[in-house]
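The structure appears below as structure tokens.
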Amino acid sequence: MLKFTERGVYCPQADVYIDPWEPVERAIVTHGHSDHARRGMGRYLCHQHTALILRSRLGVDIVIQELAYQQAVSINGVRISLHPAGHIIGSAQVRLAYKGEVWVVSGDYKCVNDGVSIPYEPVPCHHFVTESTFGLPIYRFPQPGAVFSEINGWWAQNAAEGTNTVLLGYALGKSQVILRHLDTSIGPIFLHGAVANANAVLASAGYQFPGDYLIPETGRQTVKGAAIVAPPSALNTSWLRKLMPYRIALCSGWMQLRGTRRRKGVDRGFVLSDHADWDQLNRAVIATGAGDVYVTHGYEGPFARWLRDQHGLQASEVHLRGAATVEDEL
Amino acid sequence: MKLFTQLFVAVDQTTKTNDKVAAIVNYLQHADDRSKLYAIALLIGNRPKRPVRTSDLKFWAADISRIPYWLFEESYHIVGDLAEAIALMLPPHAPEKEHRLPDVIGQLAGLHGLSDDRKREIITTYWRDMDTDQRFVFTKLITGNFRIGVSRQLVIKALVIHLGIDEAAVAHRLMGKWLPAKETMTSLFAESKKGARDFQPYPFYLAYQLDSPPESLGDIGDWYIERKLDGIRGQIIVRNGQLFVWSRGEDLLTDKFPEFAPLRNLLPDGTVIDGEIIPWKDERPLSFQVMQTRIGRKSLSPKILQEAPLVMVCFDLLEWKGEDMRDTPMYYRRKLLETLLSSPGLRHVLLLSELMPFNHWGEVAVFRQHARDFHCEGVMLKRKGSTYGSGRRRGNWWKWKTNPLTVDGVLIYAQSGHGRRANLYTDYTFAVWGDDGTLVPFAKAYSGLTDKEIAELDRWIKHHTVERFGPVRSVPPHHVFEIAFEGIQASSRHKSGVALRFPRILRWRRDKSPESANTHADLLELIQSANA
Ligand SMILES: [Zn+2]
Ligand SMILES: [Zn+2]
């Protein structure tokens with residue numbers, strides 16, 4: 001039912017693309033990250049919370065059909081519904097059913113509860129298109145709870161030493177997960193503009209997160225002992241200068257590797273990901289009951305081969321042109 | 001292992017030297033004396049030999065992780081570090097049991113004679129008893145490439161704080177290959193008995209590359225100017241009738257240099273000379289390659305000794321008549337050295353480093369620019385009144401190396417990086433144009449680009465891959481890079497017929513089209529002129 005084309009994953013029967021990277025007439029968008037939600041589509045179909053993000057990023061005048069999770073629409077006989085992917089707020093797996101055949105496109109997902117987005121739900125299907133950002137057995141992440149205590153412990157220690165704490169995480173998704181779990185009794189929390197913007201968009205859907213926008217006038221004395229949440233792009237910029245003295249940490253699944261941690265030149269790397277790790281990917285694929293699996297976005301080759309050899313599935317690697325290079329998504 | 005692993009993690013987690021020193025001091029305060037000795041040895045780079053084959057380690061780890069070997073290899077390539085890959089892939093562990101660092105290292109040292117089954121049992125038991133961080137550090141010890149992010153200088157600093165003794169004394173005591181099993185904290189750091197430490201070299205004084213115009217150094221008359229030779233920095237020690245030759249890497253190389261054997265009788269007891277060991281024939285140095293082939297040999301035939309005879313070009317005298325001279329001014333040490341070397345018996349193996357008679361910095365600059373024509377790689381500048389420091393210090397000694405040779409090459413292959421650069425294409429192969437219009441690979445380089453450039457190039461490579469061969473991708477000829485290197489030699493081992501010394505990327509030549517890159521003929525011409 002689905003084809004992997006130059007423009008993206010395509011359903012000919014419904015004439016609709018999923019996360020296309022070139023303008024098409026009709027696009028289903030799994031979530032609001034820029035490598036999945038691109039501008040220029042005739043009509044968008046996405047979860048209602050993703051719609052908020054799309055409008056703020058791509059303009060209020062875009063045409064969007066909004067869906068709740070589980071709610072279905074029919075396009076030329078294809079029944080299409082969205083299901084929680086647990087990746088970020090509004091992120092969805094796309095289920096497409098036609099004449100008894102069911103496909104699910106995972107988009108980005110993770111199977112642990114981050115306390116912010118609706119947790120991932122396995123969706124039974126015949127054909128499963130899965131991401132594989134962390135599709136190698138070296139990526140087995142610690143429990144998020146343990147990571148949050150580590151982060152808070154580190155913040156408390158820095159604060160006690162009179163040092164500020166800068167936590168870097170993607171502005172949309174990671175930042176909110178961090179904010180939700182910071183222990184506000186340790187000190188004040190401040191936000192980089194990009195994070196404050198993302199929070200403002202999500203506020204219109206009723207999400208509230210702690211932290212004040214760090215404006216240029218915010219005094220050094222005010223930020224003393226604070227935790228400051230900023231996107232990774234703030235690293236090595238002059239913006240950080242007024243936060244001195246500080247220790248800085250990156251929160252990302254890539255921090256699992258010592259090499260990546262060191263190359264970024266940060267004081268700490270916390271393994272905190274909005275993607276599924278090796279164990280989650282395996283569990284997710286099995287839970288769908290799919291006999292055919294298409295592996296994209298990441299370690300397509302090894303993970304597909306593993307699924308064939310180990311689980312006896314029909315698994316193939318799909319190289320999508322628009323798939324972000326793995327380093328991009330921190 | 002727990003305390004030591006904590007130390008490793010603490011040091012690894014910070015880039016700030018003060019935090020690193022604090023972590024070491026903290027370790028020294030909490031560890032027992034025996035563990036301390038082993039830890040200090042590891043911190044300054046006295047690593048144990050590799051007790052098992054790497055291939056065995058991989059096999060055992062893949063096996064108990066229930067991961068097929070191909071997937072283990074694939075993952076290992078992404079991680080880049082075997083110990084880390086193993087630590088990450090081993091299954092979650094059973095309850096921990098503490099193993100002391102000296103016991104672990106002791107047992108590793110004793111593995112050699114054991115059967116493969118027994119080795120496997122011992123190592124996998126350790127793995128089972130440890131958490132991920134401990135597994136990593138432990139496996140690092142086995143793979144023989146254990147390195148921790150502290151310089152010797154920082155270890156010394158921490159020991160000074162911990163022991164409350166003088167920095168120079170600590171630095172001196174740590175020199176050479178002492179064995180933690182044969183020392184105690186007292187025997188290692190307390191004032192030594194006469195004769196007990198005859199073998200011990202002094203910490204080498206190292207120079208920084210000059211990074212400002214030489215005029216900033218002031219009056220040229222205050223400086224000694226010498227050729228910077230491309231050999232092996234070493235110390236020759238004669239004490240109590242024994243000879244020791246140390247390299248800067250702190251390898252004891254006495255046996256590798258039979259030329260120096262007679263010095264045991266020719267030099268007075270209590271003499272330590274600092275200089276450059278280098279193959280020398282017909283009053284000029286031979287290329288570094290000659291030295292490398294010689295160092296690589298297990299046994300030295302008369303033929304080799306004749307083809308690559310070694311000398312030391314001496315430039316400093318650190319000990320004289322058993323007296324540490326390092327606090328005396330350089331001109332004084334130099335005078336003594338000149339007197340010592342005037343003895344006729346020494347002339348064949350100990351040469352005096354010649355002082356270059358320049359009167360103006362401008363002359364030095366010209367000489368440095370043409371250094372290769374004078375069989376050296378630049379000049380050394382040493383302040384006449386300076387004492388002999390330890391470690392790399394700014395101020396009194398400078399090296400001023402000549403500009404590297406450069407060639408414009410076209411990027412043709414890229415390989416994803418190891419470790420530090422996992423997931424990024426960072427190892428590049430460059431080519432020049434051959435006579436028949438094909439591209440001939442001539443250099444591999446890993447360094448020289450900024451992180452931003454690497455990311456940009458990485459993206460381009462991923463989108464323009466022509467073919468994949470395992471971790472390697474070929475790309476169309478498009479990007480031109482200026483490749484710098486220190487030396488060039490004809491070589492039959494390389495497809496291009498040339499071997500480069502220290503190739504690296506000088507800059508990305510976005511202004512150049514691939515057609516304008518250099519040719520193979522240009523390379524051959526460089527060999528001609530560089531080695532004339
Ligand atoms: Zn995403
Ligand atoms: Zn994505």
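Naming works like this for the structure tokens: A, B, ... for the chains as they're shown, residue 1 at the start of each chain, ligands 1 onward in shown order.
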
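Taking only C-alpha atoms and all ligand atoms into account, the protein and nucleic acid residues that come at most 7 Å from ligand 1 are His31, His33, His87 and Asp108 of chain A.
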
The selected residues should be written to file as a PDB file, in the first residue's frame (atoms: C-alpha atoms).
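After the write, part.pdb holds the following:
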ATOM      1  CA  HIS A  31       5.383  15.471  14.471  1.00  0.00           C
ATOM      2  CA  HIS A  33      10.408  18.543  14.271  1.00  0.00           C
ATOM      3  CA  HIS A  87       8.438  11.066  20.978  1.00  0.00           C
ATOM      4  CA  ASP A 108      10.109   9.104  15.569  1.00  0.00           C
TER       5      ASP A 108
END

- Residues within 12 Å of A:Ala160, only C-alpha atoms, excluding chain neighbours under 6 positions, as a PyMOL selection string: chain A and resi 153-154+186-187+224-226

- Give me the residues within 9 Å of B:Val11 as an MDAnalysis selection string, counting only C-alpha atoms and dropping any in the same chain fewer than 2 places off. chainID B and resid 6:9 13:17 19:21 23:24 148:150

Next, write the just-selected residues to a file, as an mmCIF file, in the first residue's frame, keeping N, CA, C and O atoms as the atom set.
data_model
loop_
_atom_site.group_PDB
_atom_site.id
_atom_site.type_symbol
_atom_site.label_atom_id
_atom_site.label_comp_id
_atom_site.auth_asym_id
_atom_site.auth_seq_id
_atom_site.Cartn_x
_atom_site.Cartn_y
_atom_site.Cartn_z
ATOM 1 N N GLN B 6 35.763 5.663 39.733
ATOM 2 C CA GLN B 6 35.213 6.989 40.045
ATOM 3 C C GLN B 6 36.185 8.086 39.636
ATOM 4 O O GLN B 6 35.783 9.116 39.091
ATOM 5 N N LEU B 7 37.452 7.827 39.903
ATOM 6 C CA LEU B 7 38.468 8.807 39.505
ATOM 7 C C LEU B 7 38.461 8.981 37.989
ATOM 8 O O LEU B 7 38.465 10.091 37.472
ATOM 9 N N PHE B 8 38.428 7.853 37.287
ATOM 10 C CA PHE B 8 38.434 7.909 35.835
ATOM 11 C C PHE B 8 37.238 8.708 35.323
ATOM 12 O O PHE B 8 37.375 9.593 34.478
ATOM 13 N N VAL B 9 36.074 8.411 35.860
ATOM 14 C CA VAL B 9 34.857 9.086 35.406
ATOM 15 C C VAL B 9 34.930 10.580 35.720
ATOM 16 O O VAL B 9 34.612 11.429 34.882
ATOM 17 N N GLN B 13 34.909 13.466 32.922
ATOM 18 C CA GLN B 13 33.724 14.314 32.823
ATOM 19 C C GLN B 13 34.051 15.791 32.761
ATOM 20 O O GLN B 13 33.176 16.600 32.515
ATOM 21 N N THR B 14 35.271 16.146 33.012
ATOM 22 C CA THR B 14 35.543 17.572 33.066
ATOM 23 C C THR B 14 36.681 17.945 32.118
ATOM 24 O O THR B 14 37.538 17.126 31.816
ATOM 25 N N THR B 15 36.619 19.187 31.657
ATOM 26 C CA THR B 15 37.713 19.674 30.829
ATOM 27 C C THR B 15 38.568 20.646 31.639
ATOM 28 O O THR B 15 39.576 21.131 31.167
ATOM 29 N N LYS B 16 38.140 20.921 32.879
ATOM 30 C CA LYS B 16 38.842 21.916 33.679
ATOM 31 C C LYS B 16 39.958 21.256 34.485
ATOM 32 O O LYS B 16 39.722 20.307 35.224
ATOM 33 N N THR B 17 41.161 21.789 34.338
ATOM 34 C CA THR B 17 42.305 21.130 34.961
ATOM 35 C C THR B 17 42.198 21.131 36.481
ATOM 36 O O THR B 17 42.592 20.167 37.114
ATOM 37 N N ASP B 19 39.565 20.827 38.307
ATOM 38 C CA ASP B 19 38.665 19.740 38.711
ATOM 39 C C ASP B 19 39.377 18.396 38.593
ATOM 40 O O ASP B 19 39.173 17.490 39.400
ATOM 41 N N LYS B 20 40.212 18.271 37.570
ATOM 42 C CA LYS B 20 40.939 17.017 37.392
ATOM 43 C C LYS B 20 41.913 16.791 38.539
ATOM 44 O O LYS B 20 41.992 15.704 39.100
ATOM 45 N N VAL B 21 42.659 17.840 38.868
ATOM 46 C CA VAL B 21 43.609 17.724 39.974
ATOM 47 C C VAL B 21 42.859 17.376 41.259
ATOM 48 O O VAL B 21 43.257 16.486 42.015
ATOM 49 N N ALA B 23 40.114 15.792 41.585
ATOM 50 C CA ALA B 23 39.679 14.393 41.550
ATOM 51 C C ALA B 23 40.827 13.452 41.913
ATOM 52 O O ALA B 23 40.629 12.474 42.641
ATOM 53 N N ILE B 24 42.022 13.759 41.431
ATOM 54 C CA ILE B 24 43.166 12.897 41.755
ATOM 55 C C ILE B 24 43.504 12.995 43.244
ATOM 56 O O ILE B 24 43.727 11.988 43.912
ATOM 57 N N ILE B 148 44.074 8.120 30.242
ATOM 58 C CA ILE B 148 43.160 8.915 31.040
ATOM 59 C C ILE B 148 43.501 10.366 30.759
ATOM 60 O O ILE B 148 44.642 10.690 30.479
ATOM 61 N N GLY B 149 42.481 11.203 30.808
ATOM 62 C CA GLY B 149 42.676 12.577 30.333
ATOM 63 C C GLY B 149 43.423 13.496 31.262
ATOM 64 O O GLY B 149 42.978 14.604 31.535
ATOM 65 N N VAL B 150 44.548 13.043 31.785
ATOM 66 C CA VAL B 150 45.370 13.957 32.577
ATOM 67 C C VAL B 150 46.801 13.917 32.061
ATOM 68 O O VAL B 150 47.288 12.885 31.647
#

- Contacts of stretch 251-261 of chain A at 10 Å (only C-alpha atoms; same-chain gap of 6+ positions) as a VMD selection string: (chain A and resid 133 to 134 138 to 142 147 151 167 to 170 174 to 175 178 231 to 232 267 to 277 326 to 327 329 to 330) or (chain B and resid 12 to 13 78 to 81 84 to 85 88 417 to 424)

Those residues with C-alpha atoms, as a PDB file, in the first residue's frame please?
ATOM      1  CA  THR A 133      18.144   6.214  15.140  1.00  0.00           C
ATOM      2  CA  PHE A 134      19.595   4.088  17.931  1.00  0.00           C
ATOM      3  CA  ILE A 138      25.478  -0.198  22.099  1.00  0.00           C
ATOM      4  CA  TYR A 139      22.481   2.037  22.644  1.00  0.00           C
ATOM      5  CA  ARG A 140      20.729   0.746  25.728  1.00  0.00           C
ATOM      6  CA  PHE A 141      19.684   3.752  27.723  1.00  0.00           C
ATOM      7  CA  PRO A 142      19.439   4.049  31.493  1.00  0.00           C
ATOM      8  CA  VAL A 147      18.989  10.233  34.725  1.00  0.00           C
ATOM      9  CA  ILE A 151      20.721  15.847  36.639  1.00  0.00           C
ATOM     10  CA  LEU A 167      21.335  22.090  30.370  1.00  0.00           C
ATOM     11  CA  LEU A 168      21.249  21.734  26.616  1.00  0.00           C
ATOM     12  CA  GLY A 169      18.401  19.891  24.948  1.00  0.00           C
ATOM     13  CA  TYR A 170      16.434  20.276  21.765  1.00  0.00           C
ATOM     14  CA  LYS A 174      13.747  17.479  25.143  1.00  0.00           C
ATOM     15  CA  SER A 175      13.609  20.834  26.904  1.00  0.00           C
ATOM     16  CA  ILE A 178      13.955  18.314  31.349  1.00  0.00           C
ATOM     17  CA  PRO A 231      19.037  24.289  22.780  1.00  0.00           C
ATOM     18  CA  PRO A 232      22.315  22.600  21.741  1.00  0.00           C
ATOM     19  CA  ASP A 267      31.221  19.128  31.251  1.00  0.00           C
ATOM     20  CA  ARG A 268      28.613  16.419  31.396  1.00  0.00           C
ATOM     21  CA  GLY A 269      26.580  14.336  29.006  1.00  0.00           C
ATOM     22  CA  PHE A 270      23.263  12.985  30.225  1.00  0.00           C
ATOM     23  CA  VAL A 271      21.793  10.086  28.297  1.00  0.00           C
ATOM     24  CA  LEU A 272      18.289  11.352  27.733  1.00  0.00           C
ATOM     25  CA  SER A 273      16.648  10.568  24.442  1.00  0.00           C
ATOM     26  CA  ASP A 274      13.314  11.077  22.744  1.00  0.00           C
ATOM     27  CA  HIS A 275      14.064   8.095  20.498  1.00  0.00           C
ATOM     28  CA  ALA A 276      13.742   4.409  21.236  1.00  0.00           C
ATOM     29  CA  ASP A 277      16.913   2.617  22.281  1.00  0.00           C
ATOM     30  CA  VAL A 326      22.024  11.201  12.767  1.00  0.00           C
ATOM     31  CA  GLU A 327      24.133  13.950  14.323  1.00  0.00           C
ATOM     32  CA  GLU A 329      18.919  15.426  16.042  1.00  0.00           C
ATOM     33  CA  LEU A 330      20.256  16.126  19.451  1.00  0.00           C
TER      34      LEU A 330
ATOM     35  CA  ASP B  12      36.708  12.122  32.033  1.00  0.00           C
ATOM     36  CA  GLN B  13      33.724  14.314  32.823  1.00  0.00           C
ATOM     37  CA  ILE B  78      30.662   3.101  15.539  1.00  0.00           C
ATOM     38  CA  VAL B  79      32.009   3.303  19.073  1.00  0.00           C
ATOM     39  CA  GLY B  80      35.599   3.222  17.913  1.00  0.00           C
ATOM     40  CA  ASP B  81      36.895   1.981  21.224  1.00  0.00           C
ATOM     41  CA  GLU B  84      33.729   0.968  25.501  1.00  0.00           C
ATOM     42  CA  ALA B  85      31.931  -1.145  22.896  1.00  0.00           C
ATOM     43  CA  LEU B  88      28.041  -1.061  26.404  1.00  0.00           C
ATOM     44  CA  GLY B 417      35.241   8.246  12.437  1.00  0.00           C
ATOM     45  CA  HIS B 418      36.139   6.273  15.473  1.00  0.00           C
ATOM     46  CA  GLY B 419      35.193   7.152  19.007  1.00  0.00           C
ATOM     47  CA  ARG B 420      35.402  10.870  19.238  1.00  0.00           C
ATOM     48  CA  ARG B 421      33.858  11.140  15.819  1.00  0.00           C
ATOM     49  CA  ALA B 422      31.347   8.326  15.787  1.00  0.00           C
ATOM     50  CA  ASN B 423      28.601   8.739  13.162  1.00  0.00           C
ATOM     51  CA  LEU B 424      30.546  11.366  11.278  1.00  0.00           C
TER      52      LEU B 424
END

- Give the helix (DSSP H, G or I) residues of stretch 230-447 of chain B, as DSSP finds them on the backbone, and put them as a PyMOL selection string. chain B and resi 254-256+258-260+263-266+288-296+302-307+330-341+344-346+361-369+371-374+419-421

- Query: A:Asp114, A:Asp61, A:Glu131, A:Glu101: which is nearest ligand 2, counting only C-alpha atoms and all ligand atoms?
  - Reply: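 Between A:Asp114, A:Asp61, A:Glu131, A:Glu101, the residue approaching ligand 2 most closely is A:Glu131.
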
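All residues of protein, DNA or RNA that reach within 8 Å of B:Ile277, judged by only C-alpha atoms and not counting those fewer than 3 positions away in the chain, are Gly231, Ile232, Arg233, Gly234, Leu310, Val311, Met312 and Val313 of chain B.
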
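What separates atom CA of B:Tyr76 from atom CA of B:Ser474 is a distance of 21.6 Å.
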
- Item | Residues of stretch 62-237 of chain A in strand (DSSP E), written as a ChimeraX atom specification | /A:64-67,72-75,78-84,92-98,101-105,127-132,164-168,189-191,212-213,227-230

Contacts of A:Val285 at 9 Å or less, counting only C-alpha atoms, minus same-chain residues fewer than 5 places along, as a short mmCIF file (atom, residue, chain, number, x, y, z; two decimals) with C-alpha atoms, in the first residue's frame?
data_model
loop_
_atom_site.label_atom_id
_atom_site.label_comp_id
_atom_site.auth_asym_id
_atom_site.auth_seq_id
_atom_site.Cartn_x
_atom_site.Cartn_y
_atom_site.Cartn_z
CA PRO A 122 1.92 -0.49 20.04
CA PHE A 128 5.65 -1.64 10.08
CA THR A 130 10.23 1.93 11.92
CA GLN A 280 12.72 -0.52 22.87
CA ALA A 290 4.13 -7.19 11.70
CA VAL A 293 9.35 -4.36 8.56
CA LEU A 307 15.45 -8.45 12.47
#

Selection near B:Ile237, 12 Å with only C-alpha atoms, sequence-local residues under 3 positions removed, as an mmCIF file with N, CA and C atoms, in the first residue's frame:
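File produced: out-v5.cif:
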data_model
loop_
_atom_site.group_PDB
_atom_site.id
_atom_site.type_symbol
_atom_site.label_atom_id
_atom_site.label_comp_id
_atom_site.auth_asym_id
_atom_site.auth_seq_id
_atom_site.Cartn_x
_atom_site.Cartn_y
_atom_site.Cartn_z
ATOM 1 N N ARG B 197 68.635 4.598 42.488
ATOM 2 C CA ARG B 197 67.903 5.121 41.335
ATOM 3 C C ARG B 197 68.842 5.556 40.213
ATOM 4 N N ASP B 198 69.861 4.797 40.013
ATOM 5 C CA ASP B 198 70.840 5.143 38.994
ATOM 6 C C ASP B 198 70.218 5.280 37.609
ATOM 7 N N PHE B 199 69.191 4.483 37.373
ATOM 8 C CA PHE B 199 68.606 4.434 36.031
ATOM 9 C C PHE B 199 67.763 5.658 35.708
ATOM 10 N N GLN B 200 67.419 6.435 36.746
ATOM 11 C CA GLN B 200 66.346 7.408 36.581
ATOM 12 C C GLN B 200 66.732 8.651 35.776
ATOM 13 N N PRO B 201 66.000 8.890 34.681
ATOM 14 C CA PRO B 201 66.274 10.101 33.897
ATOM 15 C C PRO B 201 65.612 11.317 34.520
ATOM 16 N N TYR B 202 65.967 12.486 34.043
ATOM 17 C CA TYR B 202 65.297 13.716 34.474
ATOM 18 C C TYR B 202 64.095 13.961 33.569
ATOM 19 N N GLY B 234 66.509 12.202 23.519
ATOM 20 C CA GLY B 234 66.917 11.197 24.494
ATOM 21 C C GLY B 234 67.853 11.724 25.570
ATOM 22 N N ASN B 240 77.633 5.143 38.237
ATOM 23 C CA ASN B 240 78.225 3.942 38.845
ATOM 24 C C ASN B 240 78.570 2.870 37.818
ATOM 25 N N GLY B 241 79.199 3.317 36.726
ATOM 26 C CA GLY B 241 79.667 2.360 35.728
ATOM 27 C C GLY B 241 78.576 1.745 34.877
ATOM 28 N N GLN B 242 77.335 2.253 34.997
ATOM 29 C CA GLN B 242 76.257 1.709 34.169
ATOM 30 C C GLN B 242 75.784 2.774 33.178
ATOM 31 N N LEU B 243 75.310 2.275 32.005
ATOM 32 C CA LEU B 243 74.814 3.185 30.982
ATOM 33 C C LEU B 243 73.317 2.981 30.804
ATOM 34 N N PHE B 244 72.571 4.083 30.696
ATOM 35 C CA PHE B 244 71.142 4.024 30.390
ATOM 36 C C PHE B 244 70.833 5.044 29.307
ATOM 37 N N VAL B 245 70.106 4.600 28.282
ATOM 38 C CA VAL B 245 69.665 5.550 27.262
ATOM 39 C C VAL B 245 68.139 5.570 27.253
ATOM 40 N N TRP B 246 67.594 6.733 27.526
ATOM 41 C CA TRP B 246 66.138 6.890 27.591
ATOM 42 C C TRP B 246 65.638 7.736 26.437
ATOM 43 N N SER B 247 64.463 7.386 25.926
ATOM 44 C CA SER B 247 63.828 8.269 24.944
ATOM 45 C C SER B 247 62.860 9.170 25.684
ATOM 46 N N LEU B 252 63.275 2.744 27.730
ATOM 47 C CA LEU B 252 64.688 2.499 27.967
ATOM 48 C C LEU B 252 65.238 1.836 26.719
ATOM 49 N N LEU B 253 66.064 2.533 25.974
ATOM 50 C CA LEU B 253 66.485 2.054 24.654
ATOM 51 C C LEU B 253 67.961 1.659 24.614
ATOM 52 N N THR B 254 68.543 1.472 25.782
ATOM 53 C CA THR B 254 69.976 1.203 25.844
ATOM 54 C C THR B 254 70.415 0.119 24.853
ATOM 55 N N PHE B 260 76.359 3.352 21.641
ATOM 56 C CA PHE B 260 76.618 4.121 22.863
ATOM 57 C C PHE B 260 77.271 3.283 23.972
ATOM 58 N N ALA B 261 77.353 1.963 23.759
ATOM 59 C CA ALA B 261 77.854 1.081 24.824
ATOM 60 C C ALA B 261 79.200 1.523 25.402
ATOM 61 N N LEU B 263 80.340 4.279 25.963
ATOM 62 C CA LEU B 263 80.266 5.491 26.790
ATOM 63 C C LEU B 263 80.316 5.178 28.277
ATOM 64 N N ARG B 264 79.922 3.948 28.616
ATOM 65 C CA ARG B 264 79.938 3.526 30.011
ATOM 66 C C ARG B 264 81.315 3.762 30.630
ATOM 67 N N ASN B 265 82.360 3.538 29.796
ATOM 68 C CA ASN B 265 83.709 3.729 30.307
ATOM 69 C C ASN B 265 84.284 5.098 29.958
ATOM 70 N N LEU B 266 83.702 5.705 28.915
ATOM 71 C CA LEU B 266 84.283 6.963 28.441
ATOM 72 C C LEU B 266 83.765 8.188 29.185
ATOM 73 N N LEU B 267 82.523 8.117 29.642
ATOM 74 C CA LEU B 267 81.970 9.267 30.363
ATOM 75 C C LEU B 267 82.191 9.079 31.859
ATOM 76 N N PRO B 268 82.487 10.162 32.566
ATOM 77 C CA PRO B 268 82.671 10.036 34.014
ATOM 78 C C PRO B 268 81.353 9.665 34.697
ATOM 79 N N ASP B 269 81.432 8.980 35.817
ATOM 80 C CA ASP B 269 80.236 8.640 36.592
ATOM 81 C C ASP B 269 79.485 9.910 36.980
ATOM 82 N N GLY B 270 78.167 9.798 36.945
ATOM 83 C CA GLY B 270 77.356 10.964 37.308
ATOM 84 C C GLY B 270 77.267 11.961 36.169
ATOM 85 N N THR B 271 77.022 11.451 34.962
ATOM 86 C CA THR B 271 76.855 12.333 33.807
ATOM 87 C C THR B 271 75.499 12.056 33.158
ATOM 88 N N VAL B 272 74.735 13.113 32.895
ATOM 89 C CA VAL B 272 73.493 12.958 32.145
ATOM 90 C C VAL B 272 73.467 14.000 31.039
ATOM 91 N N ILE B 273 73.364 13.512 29.793
ATOM 92 C CA ILE B 273 73.363 14.406 28.636
ATOM 93 C C ILE B 273 71.999 14.357 27.957
ATOM 94 N N ASP B 274 71.541 15.514 27.542
ATOM 95 C CA ASP B 274 70.264 15.626 26.815
ATOM 96 C C ASP B 274 70.589 15.939 25.361
ATOM 97 N N GLY B 275 69.922 15.261 24.423
ATOM 98 C CA GLY B 275 70.191 15.540 23.012
ATOM 99 C C GLY B 275 69.250 14.792 22.093
ATOM 100 N N LEU B 317 73.602 19.523 29.367
ATOM 101 C CA LEU B 317 74.204 18.666 30.379
ATOM 102 C C LEU B 317 73.398 18.840 31.659
ATOM 103 N N LEU B 318 72.709 17.763 32.068
ATOM 104 C CA LEU B 318 71.771 17.883 33.193
ATOM 105 C C LEU B 318 72.407 17.470 34.517
ATOM 106 N N GLU B 319 73.389 16.576 34.412
ATOM 107 C CA GLU B 319 74.057 16.133 35.634
ATOM 108 C C GLU B 319 75.543 16.073 35.338
ATOM 109 N N TRP B 320 76.324 16.530 36.265
ATOM 110 C CA TRP B 320 77.771 16.557 36.065
ATOM 111 C C TRP B 320 78.440 16.193 37.379
ATOM 112 N N LYS B 321 79.269 15.150 37.352
ATOM 113 C CA LYS B 321 79.922 14.646 38.570
ATOM 114 C C LYS B 321 78.890 14.342 39.660
ATOM 115 N N GLY B 322 77.773 13.779 39.207
ATOM 116 C CA GLY B 322 76.748 13.381 40.163
ATOM 117 C C GLY B 322 75.908 14.515 40.704
#

- Å distance separating atom CA of A:Ala27 from atom CA of A:Tyr69, one decimal place: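 Value for the atom CA of A:Ala27-atom CA of A:Tyr69 distance: 17.2 Å.
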
- What is the distance between atom CA of B:Val498 and atom CA of B:Ala443, in Å to one decimal?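 One can read the atom CA of B:Val498 to atom CA of B:Ala443 distance as 9.0 Å.
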
- Query: Which is closer to B:Val475 than all the others in B:His520, B:Ala41, B:Leu229, B:Gln415, using only C-alpha atoms?
  - Reply: B:Gln415
